[in-house]
>>> print(open('my_file29.txt').read())   # compact mmCIF, C-alpha atoms and all ligand atoms
# COMPACT_ATOMS: atom_id res chain seq x y z
CA MET A 1 135.73 118.72 4.74
CA LYS A 2 138.86 117.32 6.43
CA PRO A 3 138.49 113.67 7.39
CA TYR A 4 138.93 112.18 10.87
CA ALA A 5 140.83 109.17 12.14
CA VAL A 6 139.67 107.28 15.23
CA ILE A 7 142.67 105.86 17.10
CA THR A 8 142.29 103.57 20.11
CA GLY A 9 145.10 103.43 22.67
CA ALA A 10 146.39 106.81 21.54
CA SER A 11 147.85 108.00 24.85
CA SER A 12 151.23 106.30 24.56
CA GLY A 13 153.48 103.97 22.59
CA LEU A 14 152.59 103.10 19.02
CA GLY A 15 149.10 104.66 19.18
CA LYS A 16 150.50 108.07 20.15
CA SER A 17 153.08 107.87 17.33
CA ILE A 18 150.36 106.97 14.83
CA ALA A 19 148.28 109.94 16.07
CA LEU A 20 151.22 112.31 15.47
CA GLU A 21 151.98 110.73 12.09
CA LEU A 22 148.37 111.18 10.91
CA ALA A 23 148.15 114.73 12.29
CA HIS A 24 151.31 115.62 10.32
CA ARG A 25 149.45 114.33 7.26
CA ASN A 26 146.67 116.85 7.96
CA ILE A 27 144.10 114.39 9.30
CA ASN A 28 141.82 115.33 12.21
CA LEU A 29 141.81 112.98 15.18
CA VAL A 30 139.54 111.25 17.67
CA LEU A 31 141.84 109.85 20.35
CA ILE A 32 140.78 107.17 22.82
CA ALA A 33 142.49 105.80 25.94
CA LEU A 34 141.86 105.24 29.64
CA PRO A 35 141.12 108.23 31.90
CA TYR A 36 144.14 110.03 33.39
CA SER A 37 146.50 108.83 30.67
CA GLY A 38 147.37 112.31 29.38
CA LEU A 39 144.88 112.57 26.49
CA PRO A 40 143.82 116.20 27.22
CA GLU A 41 147.47 117.31 27.23
CA LEU A 42 148.30 115.33 24.07
CA SER A 43 145.24 116.76 22.30
CA ASP A 44 146.24 120.33 23.26
CA PHE A 45 149.79 119.70 22.07
CA ILE A 46 148.60 118.45 18.67
CA ARG A 47 146.02 121.24 18.20
CA THR A 48 148.61 123.91 19.01
CA ASN A 49 151.59 122.52 17.13
CA ILE A 50 150.10 120.70 14.15
CA GLN A 51 146.82 122.61 13.69
CA VAL A 52 144.37 119.78 13.18
CA ASP A 53 141.10 119.28 15.04
CA VAL A 54 141.40 116.81 17.93
CA HIS A 55 138.65 115.17 19.99
CA TYR A 56 139.39 112.77 22.80
CA LEU A 57 137.39 110.22 24.76
CA GLU A 58 138.61 108.76 28.05
CA LEU A 59 137.10 105.28 28.13
CA ASP A 60 137.88 101.80 29.37
CA LEU A 61 137.91 99.65 26.25
CA SER A 62 137.66 96.44 28.25
CA ASP A 63 134.02 97.45 28.74
CA THR A 64 131.92 96.75 25.62
CA LYS A 65 129.73 99.79 26.36
CA SER A 66 132.69 102.03 25.47
CA THR A 67 132.53 101.06 21.80
CA TYR A 68 128.89 102.26 21.64
CA GLN A 69 129.92 105.51 23.35
CA ILE A 70 132.57 106.07 20.65
CA SER A 71 130.17 105.51 17.75
CA ASP A 72 127.45 107.64 19.40
CA TYR A 73 129.98 110.44 19.96
CA VAL A 74 131.31 110.58 16.38
CA ASN A 75 127.83 110.21 14.86
CA ASN A 76 126.28 112.90 17.10
CA LYS A 77 129.12 115.29 16.25
CA LYS A 78 128.72 114.34 12.56
CA LEU A 79 132.44 113.57 12.23
CA HIS A 80 133.41 111.94 8.93
CA ILE A 81 135.53 108.96 9.85
CA LYS A 82 137.82 107.95 7.01
CA TYR A 83 140.39 106.03 9.07
CA LEU A 84 139.96 103.64 11.97
CA VAL A 85 143.11 102.53 13.81
CA ASN A 86 142.48 99.61 16.17
CA ASN A 87 145.67 99.95 18.19
CA ALA A 88 144.77 99.55 21.89
CA GLY A 89 146.09 96.29 23.19
CA VAL A 90 146.81 94.55 26.46
CA LEU A 91 150.28 93.00 26.26
CA SER A 92 151.23 89.62 27.71
CA LYS A 93 151.94 89.11 31.37
CA GLY A 94 153.18 85.62 32.15
CA PHE A 95 152.49 81.92 32.21
CA PHE A 96 148.90 80.84 31.55
CA THR A 97 148.57 79.20 34.98
CA ASP A 98 149.56 82.47 36.65
CA LEU A 99 147.11 84.75 34.81
CA SER A 100 143.97 85.78 36.67
CA ASP A 101 140.54 85.19 35.06
CA ARG A 102 140.00 88.93 35.22
CA PHE A 103 143.20 89.69 33.31
CA ILE A 104 142.41 87.12 30.59
CA LEU A 105 138.88 88.47 30.08
CA SER A 106 140.10 92.03 29.93
CA GLN A 107 142.87 91.11 27.44
CA ILE A 108 140.34 89.35 25.21
CA ALA A 109 137.91 92.29 25.49
CA VAL A 110 140.49 94.94 24.55
CA ASN A 111 142.33 92.89 21.90
CA ILE A 112 139.38 91.11 20.27
CA THR A 113 135.91 92.35 21.25
CA THR A 114 136.63 96.08 21.02
CA PRO A 115 138.29 96.15 17.56
CA THR A 116 135.62 93.82 16.16
CA LEU A 117 132.65 95.74 17.52
CA LEU A 118 134.13 99.18 16.86
CA THR A 119 134.74 98.24 13.22
CA LYS A 120 131.14 97.07 12.94
CA LEU A 121 129.71 100.17 14.64
CA LEU A 122 131.76 102.63 12.56
CA LEU A 123 131.20 100.85 9.26
CA ASP A 124 128.36 103.05 8.00
CA ASN A 125 130.39 106.16 8.79
CA LEU A 126 133.47 104.70 7.03
CA LYS A 127 131.32 103.74 4.01
CA ALA A 128 129.97 107.28 3.80
CA SER A 129 133.57 108.62 3.78
CA ALA A 130 134.90 106.00 1.33
CA PRO A 131 137.53 105.46 0.08
CA ALA A 132 138.32 104.67 3.71
CA SER A 133 140.82 102.51 5.59
CA ILE A 134 141.08 100.38 8.69
CA LEU A 135 144.47 99.73 10.29
CA ASN A 136 144.58 96.84 12.75
CA ILE A 137 147.64 96.64 14.99
CA SER A 138 148.31 92.96 15.32
CA SER A 139 151.66 91.36 16.14
CA MET A 140 154.24 88.86 14.93
CA ALA A 141 153.07 86.89 17.97
CA SER A 142 150.02 85.99 15.88
CA PHE A 143 152.20 83.61 13.81
CA PHE A 144 154.17 81.78 16.51
CA ALA A 145 153.71 79.62 19.62
CA LEU A 146 155.43 81.84 22.14
CA PRO A 147 155.89 81.03 25.82
CA LYS A 148 154.24 83.56 28.11
CA LYS A 149 152.31 85.03 25.17
CA GLN A 150 149.60 82.37 24.76
CA VAL A 151 146.39 84.42 25.10
CA TYR A 152 148.05 87.52 23.65
CA GLY A 153 149.27 85.60 20.57
CA ALA A 154 145.84 84.01 20.12
CA THR A 155 144.08 87.39 20.29
CA LYS A 156 146.48 88.76 17.67
CA ALA A 157 145.97 85.69 15.44
CA TYR A 158 142.26 86.51 15.59
CA LEU A 159 142.92 90.13 14.60
CA THR A 160 145.20 89.13 11.70
CA SER A 161 142.60 86.66 10.47
CA LEU A 162 139.71 89.12 10.86
CA SER A 163 141.71 91.70 8.88
CA HIS A 164 142.29 89.23 6.02
CA SER A 165 138.63 88.38 5.70
CA LEU A 166 137.37 91.94 6.09
CA ASN A 167 139.91 93.16 3.55
CA LYS A 168 138.19 90.97 0.96
CA GLU A 169 134.63 91.59 2.16
CA LEU A 170 134.84 95.38 2.40
CA LYS A 171 136.54 95.91 -0.96
CA ARG A 172 133.15 96.41 -2.61
CA ASP A 173 132.54 99.30 -0.16
CA ASN A 174 135.92 100.82 -1.07
CA ILE A 175 137.29 100.22 2.43
CA SER A 176 140.76 98.70 2.78
CA VAL A 177 141.86 96.72 5.83
CA THR A 178 145.54 96.50 6.74
CA ALA A 179 147.00 94.29 9.46
CA ILE A 180 150.40 95.33 10.73
CA CYS A 181 152.37 92.71 12.65
CA PRO A 182 155.35 94.26 14.44
CA GLY A 183 157.91 92.26 16.37
CA GLY A 184 159.21 93.94 19.52
CA LEU A 185 158.65 97.67 19.96
CA ASN A 186 160.42 100.05 22.30
CA THR A 187 157.21 101.49 23.71
CA THR A 188 156.79 101.13 27.50
CA SER A 189 159.83 101.73 29.72
CA TRP A 190 159.64 98.10 30.89
CA LEU A 191 159.75 96.87 27.28
CA CYS A 192 162.66 99.20 26.47
CA TYR A 193 164.58 97.69 29.41
CA GLN A 194 163.64 94.10 28.49
CA ASN A 195 164.53 94.62 24.84
CA ARG A 196 167.93 96.04 25.74
CA CYS A 197 168.71 92.84 27.70
CA MET A 198 167.97 90.61 24.68
CA GLY A 199 170.56 88.92 22.47
CA TRP A 200 171.99 90.53 19.34
CA LEU A 201 169.55 88.98 16.85
CA ILE A 202 166.43 89.84 18.87
CA ARG A 203 167.68 93.41 19.38
CA LYS A 204 167.89 93.72 15.58
CA THR A 205 164.17 92.90 15.31
CA ILE A 206 163.06 95.73 17.61
CA LEU A 207 161.67 98.96 16.22
CA ASN A 208 161.01 102.38 17.69
CA PRO A 209 157.35 103.44 17.69
CA GLU A 210 158.16 106.38 15.38
CA ASP A 211 159.52 104.05 12.66
CA ALA A 212 156.76 101.47 13.17
CA SER A 213 154.03 104.14 12.97
CA ARG A 214 155.41 105.57 9.71
CA ILE A 215 155.54 102.09 8.18
CA ALA A 216 152.02 101.32 9.44
CA VAL A 217 150.47 104.54 8.12
CA ASN A 218 152.23 104.19 4.75
CA ALA A 219 150.93 100.62 4.49
CA MET A 220 147.40 101.78 5.30
CA PHE A 221 147.55 104.49 2.61
CA LYS A 222 148.89 101.96 0.11
CA LYS A 223 146.00 99.64 1.09
CA GLU A 224 148.41 96.79 1.83
CA LYS A 225 146.86 93.66 3.30
CA LEU A 226 149.55 92.52 5.73
CA VAL A 227 152.79 94.15 6.79
CA VAL A 228 155.59 92.80 8.96
CA PRO A 229 157.80 95.83 9.60
CA GLY A 230 161.60 95.41 9.58
CA VAL A 231 163.85 93.41 7.28
CA VAL A 232 165.10 91.09 10.05
CA ASN A 233 161.52 90.31 11.08
CA ARG A 234 160.58 89.43 7.51
CA CYS A 235 163.66 87.16 7.31
CA LEU A 236 162.55 85.44 10.54
CA MET A 237 159.10 84.85 9.03
CA PHE A 238 160.74 83.27 5.99
CA VAL A 239 163.06 81.08 8.12
CA ASP A 240 160.02 79.97 10.15
CA LYS A 241 158.32 78.83 6.95
CA ILE A 242 161.22 76.62 5.83
CA LEU A 243 162.36 75.33 9.26
CA PRO A 244 161.17 71.78 10.11
CA ASP A 245 158.76 71.53 13.07
CA PHE A 246 161.16 69.55 15.25
CA ILE A 247 163.72 72.38 15.19
CA LYS A 248 161.02 74.95 16.02
CA ASP A 249 159.82 72.72 18.88
CA TYR A 250 163.39 72.40 20.15
CA LEU A 251 163.87 76.18 20.14
CA THR A 252 160.51 76.80 21.86
CA ASN A 253 161.21 74.17 24.53
CA ARG A 254 164.68 75.62 25.13
CA GLU A 255 163.11 79.05 25.64
CA LEU A 256 160.47 77.55 27.97
CA LYS A 257 163.16 75.84 30.06
CA LYS A 258 165.03 79.13 30.45
CA LEU A 259 161.83 80.91 31.53
CA ASN A 260 160.93 78.13 33.99
CA VAL A 261 164.40 78.29 35.53
CA SER A 262 164.21 82.06 35.91
CA LYS A 263 160.80 81.62 37.58
CA THR A 264 162.07 79.26 40.31
N1 LIG A 301 155.15 96.77 22.33
C1 LIG A 301 155.37 95.74 21.54
O1 LIG A 301 156.43 95.08 21.63
C2 LIG A 301 154.35 95.34 20.52
C3 LIG A 301 154.70 94.42 19.54
C4 LIG A 301 153.75 94.05 18.60
C5 LIG A 301 152.49 94.60 18.61
N2 LIG A 301 152.17 95.49 19.59
C6 LIG A 301 150.80 96.02 19.60
O2 LIG A 301 150.85 97.42 19.41
C7 LIG A 301 149.74 98.03 20.07
C8 LIG A 301 150.23 99.16 20.95
O3 LIG A 301 151.12 98.63 21.90
P1 LIG A 301 152.14 99.53 22.71
O4 LIG A 301 153.38 98.76 22.90
O5 LIG A 301 152.19 100.89 22.14
O6 LIG A 301 151.42 99.52 24.14
P2 LIG A 301 151.25 100.67 25.24
O7 LIG A 301 152.37 101.64 25.18
O8 LIG A 301 150.98 99.92 26.50
O9 LIG A 301 149.94 101.37 24.73
C9 LIG A 301 148.73 100.68 24.77
C10 LIG A 301 147.65 101.68 24.52
O10 LIG A 301 146.40 100.98 24.66
C11 LIG A 301 145.63 101.65 25.64
N3 LIG A 301 144.84 100.74 26.42
C12 LIG A 301 145.22 99.59 27.01
N4 LIG A 301 144.19 99.06 27.70
C13 LIG A 301 143.15 99.92 27.55
C14 LIG A 301 141.81 99.94 28.02
N5 LIG A 301 141.32 98.99 28.79
N6 LIG A 301 141.02 100.99 27.68
C15 LIG A 301 141.49 101.99 26.92
N7 LIG A 301 142.74 102.02 26.43
C16 LIG A 301 143.56 101.00 26.74
C17 LIG A 301 146.63 102.33 26.55
O11 LIG A 301 145.96 103.43 27.17
P3 LIG A 301 146.41 103.95 28.63
O12 LIG A 301 147.67 104.72 28.40
O13 LIG A 301 145.27 104.75 29.01
O14 LIG A 301 146.65 102.71 29.47
C18 LIG A 301 147.68 102.80 25.53
O15 LIG A 301 147.27 104.00 24.93
C19 LIG A 301 149.03 96.92 20.86
O16 LIG A 301 147.93 96.45 20.14
C20 LIG A 301 150.09 95.83 20.94
O17 LIG A 301 149.53 94.56 21.05
C21 LIG A 301 153.07 95.90 20.54
>>> encode(input="my_file29.txt", output="structure tokens")
Amino acid sequence: MKPYAVITGASSGLGKSIALELAHRNINLVLIALPYSGLPELSDFIRTNIQVDVHYLELDLSDTKSTYQISDYVNNKKLHIKYLVNNAGVLSKGFFTDLSDRFILSQIAVNITTPTLLTKLLLDNLKASAPASILNISSMASFFALPKKQVYGATKAYLTSLSHSLNKELKRDNISVTAICPGGLNTTSWLCYQNRCMGWLIRKTILNPEDASRIAVNAMFKKEKLVVPGVVNRCLMFVDKILPDFIKDYLTNRELKKLNVSKT
């Protein structure tokens, strides 16, 4: 029986690329995203052109009930889930003082509560299909103090940390957990525009979703624990380790000043 992968946030960006990458590797799919985000069309496209079975669920993942709906759906249909890709994420929006309570709660729900609960609810199914794998899409933001990315970075730090611990804990069940921490990605049109306006070095850190998804899926199959895609990004991580705190503080404050000026 061909296994299934559950992918959250599969309608666009990195999640859509991961869906295509897994379909090309002959894996059936359960795609999840918000209603009216093109999931029926994407599912048809994959069924017709890649010939794998595709289910889709249009759900709001900022609502905890959605995670129960996903597990009920796959269990009722007796789908064997071998891969879980926690990709859906709410990106950052601005300074902490400017964020609404509603936005913060929704970002925490989608980036933290949903991947945690979904992993828990699908665990028995993953165990039954073992060897199985979980791929958590975190971010390089989980390692740094970044202006305008405070809650986002903190949610991703949680996901990276959860992945580390679960990777150890679930080994005895033959389930691997991989955290992938990309830098910038050219996913939404706004991000593509923003990334193009960045300086030379930052532009070198940016990946296309197609490249990032291939790296992520390969890492999941190799059962790697943590992956930072891109050579320049890995160099930045190394530089961050050896740089004294006062230089990092200086660079962060300089960036903050620039952002504050552009705000006024
Ligand atoms: N873009 C970057 O620079 C970057 C860098 C590092 C890590 N990441 C991470 O990579 C992952 C994918 O990001 P992306 O850039 O591909 O973003 P994206 O293009 O905005 O895609 C996000 C996906 O998550 C789904 N989603 C968001 N909120 C949802 C909700 N409440 N309920 C259901 N689905 C929801 C979206 O569905 P709809 O289409 O229905 O809205 C979409 O499919 C995220 O976890 C992000 O944190 C991104």
>>> closest_atom_pairs(input="my_file29.txt", of="chain A", to="ligand LIG 301 (chain A)", cutoff="8 Å", atoms="all atoms listed in the file", output="Markdown table")
| residue | atom | partner | partner_atom | distance |
| --- | --- | --- | --- | --- |
| A:Thr8 | CA | A:LIG301 | N7 | 6.5 |
| A:Gly9 | CA | A:LIG301 | O15 | 3.2 |
| A:Ala10 | CA | A:LIG301 | O15 | 4.5 |
| A:Ser11 | CA | A:LIG301 | O15 | 4.0 |
| A:Ser12 | CA | A:LIG301 | O15 | 4.6 |
| A:Gly13 | CA | A:LIG301 | O5 | 3.4 |
| A:Leu14 | CA | A:LIG301 | O5 | 3.8 |
| A:Gly15 | CA | A:LIG301 | O5 | 5.7 |
| A:Lys16 | CA | A:LIG301 | O15 | 7.1 |
| A:Ile32 | CA | A:LIG301 | N7 | 6.6 |
| A:Ala33 | CA | A:LIG301 | N7 | 3.8 |
| A:Leu34 | CA | A:LIG301 | O13 | 3.5 |
| A:Pro35 | CA | A:LIG301 | O13 | 6.1 |
| A:Tyr36 | CA | A:LIG301 | O13 | 7.0 |
| A:Ser37 | CA | A:LIG301 | O13 | 4.6 |
| A:Gly38 | CA | A:LIG301 | O12 | 7.7 |
| A:Glu58 | CA | A:LIG301 | C15 | 7.4 |
| A:Leu59 | CA | A:LIG301 | C15 | 5.6 |
| A:Asp60 | CA | A:LIG301 | N6 | 3.7 |
| A:Leu61 | CA | A:LIG301 | N6 | 3.7 |
| A:Ser62 | CA | A:LIG301 | N5 | 4.5 |
| A:Asp63 | CA | A:LIG301 | N5 | 7.5 |
| A:Asn86 | CA | A:LIG301 | O16 | 7.4 |
| A:Asn87 | CA | A:LIG301 | O16 | 4.6 |
| A:Ala88 | CA | A:LIG301 | O10 | 3.5 |
| A:Gly89 | CA | A:LIG301 | O16 | 3.6 |
| A:Val90 | CA | A:LIG301 | C12 | 5.3 |
| A:Leu91 | CA | A:LIG301 | O17 | 5.5 |
| A:Ser106 | CA | A:LIG301 | N5 | 7.2 |
| A:Val110 | CA | A:LIG301 | N5 | 5.9 |
| A:Asn111 | CA | A:LIG301 | O16 | 6.9 |
| A:Ile137 | CA | A:LIG301 | O16 | 5.2 |
| A:Ser138 | CA | A:LIG301 | C5 | 5.6 |
| A:Ser139 | CA | A:LIG301 | C5 | 4.2 |
| A:Met140 | CA | A:LIG301 | C4 | 6.4 |
| A:Ala141 | CA | A:LIG301 | C4 | 7.2 |
| A:Tyr152 | CA | A:LIG301 | O17 | 7.6 |
| A:Lys156 | CA | A:LIG301 | O17 | 7.4 |
| A:Cys181 | CA | A:LIG301 | C4 | 6.3 |
| A:Pro182 | CA | A:LIG301 | C4 | 4.5 |
| A:Gly183 | CA | A:LIG301 | C3 | 5.0 |
| A:Gly184 | CA | A:LIG301 | O1 | 3.7 |
| A:Leu185 | CA | A:LIG301 | O1 | 3.8 |
| A:Asn186 | CA | A:LIG301 | N1 | 6.2 |
| A:Thr187 | CA | A:LIG301 | O4 | 4.8 |
| A:Thr188 | CA | A:LIG301 | O7 | 5.0 |
| A:Leu191 | CA | A:LIG301 | N1 | 6.8 |
| A:Ile206 | CA | A:LIG301 | O1 | 7.8 |
| A:Pro209 | CA | A:LIG301 | O5 | 7.3 |
>>> residues_around(input="my_file29.txt", residues="Pro131 in chain A", least_positions_apart="3", cutoff="10 Å", atoms="only C-alpha atoms", output="list in words")
Lys82, Tyr83, Leu126, Lys127, Ala128, Lys171, Asp173, Asn174, Ile175 and Ser176 of chain A
>>> residues_near_point(input="my_file29.txt", point="(145.1, 98.1, 2.6)", cutoff="10 Å", atoms="all atoms listed in the file", output="JSON, numbers by chain")
{"A": [132, 133, 134, 135, 163, 164, 167, 171, 175, 176, 177, 178, 179, 218, 219, 220, 221, 222, 223, 224, 225, 226, 227]}
>>> atom_distance(input="my_file29.txt", atom1="CA of Gly153 in chain A", atom2="CA of Ile202 in chain A")
17.8 Å
>>> residues_around(input="my_file29.txt", residues="Glu21 in chain A", least_positions_apart="2", cutoff="10 Å", atoms="only C-alpha atoms", output="PyMOL selection string")
chain A and resi 15-19+23-27+210+213-214+216-218
>>> write_last_selection(input="my_file29.txt", atoms="C-alpha atoms", output="compact mmCIF listing (two decimals), keeping the file's coordinate frame")
# COMPACT_ATOMS: atom_id res chain seq x y z
CA GLY A 15 149.10 104.66 19.18
CA LYS A 16 150.50 108.07 20.15
CA SER A 17 153.08 107.87 17.33
CA ILE A 18 150.36 106.97 14.83
CA ALA A 19 148.28 109.94 16.07
CA ALA A 23 148.15 114.73 12.29
CA HIS A 24 151.31 115.62 10.32
CA ARG A 25 149.45 114.33 7.26
CA ASN A 26 146.67 116.85 7.96
CA ILE A 27 144.10 114.39 9.30
CA GLU A 210 158.16 106.38 15.38
CA SER A 213 154.03 104.14 12.97
CA ARG A 214 155.41 105.57 9.71
CA ALA A 216 152.02 101.32 9.44
CA VAL A 217 150.47 104.54 8.12
CA ASN A 218 152.23 104.19 4.75
>>> atom_distance(input="my_file29.txt", atom1="CA of Ala154 in chain A", atom2="CA of Ser142 in chain A")
6.3 Å
>>> closest_residue(input="my_file29.txt", among="A:Ile70, A:Leu99, A:Leu170, A:Leu29", to="Gln51 in chain A", atoms="only C-alpha atoms")
A:Leu29
>>> residues_around(input="my_file29.txt", residues="Met1 in chain A", least_positions_apart="3", cutoff="12 Å", atoms="only C-alpha atoms", output="list in words")
Tyr4, Asn26, Ile27, Asn28, Asp53, Lys78, Leu79, His80, Ile81, Lys82 and Ser129 of chain A
>>> closest_residue(input="my_file29.txt", among="A:Leu251, A:Leu146, A:Leu162, A:Ile7", to="Phe95 in chain A", atoms="only C-alpha atoms")
A:Leu146
>>> closest_residue(input="my_file29.txt", among="A:Thr67, A:Asn136, A:Val151, A:Thr113", to="Ser100 in chain A", atoms="only C-alpha atoms")
A:Val151
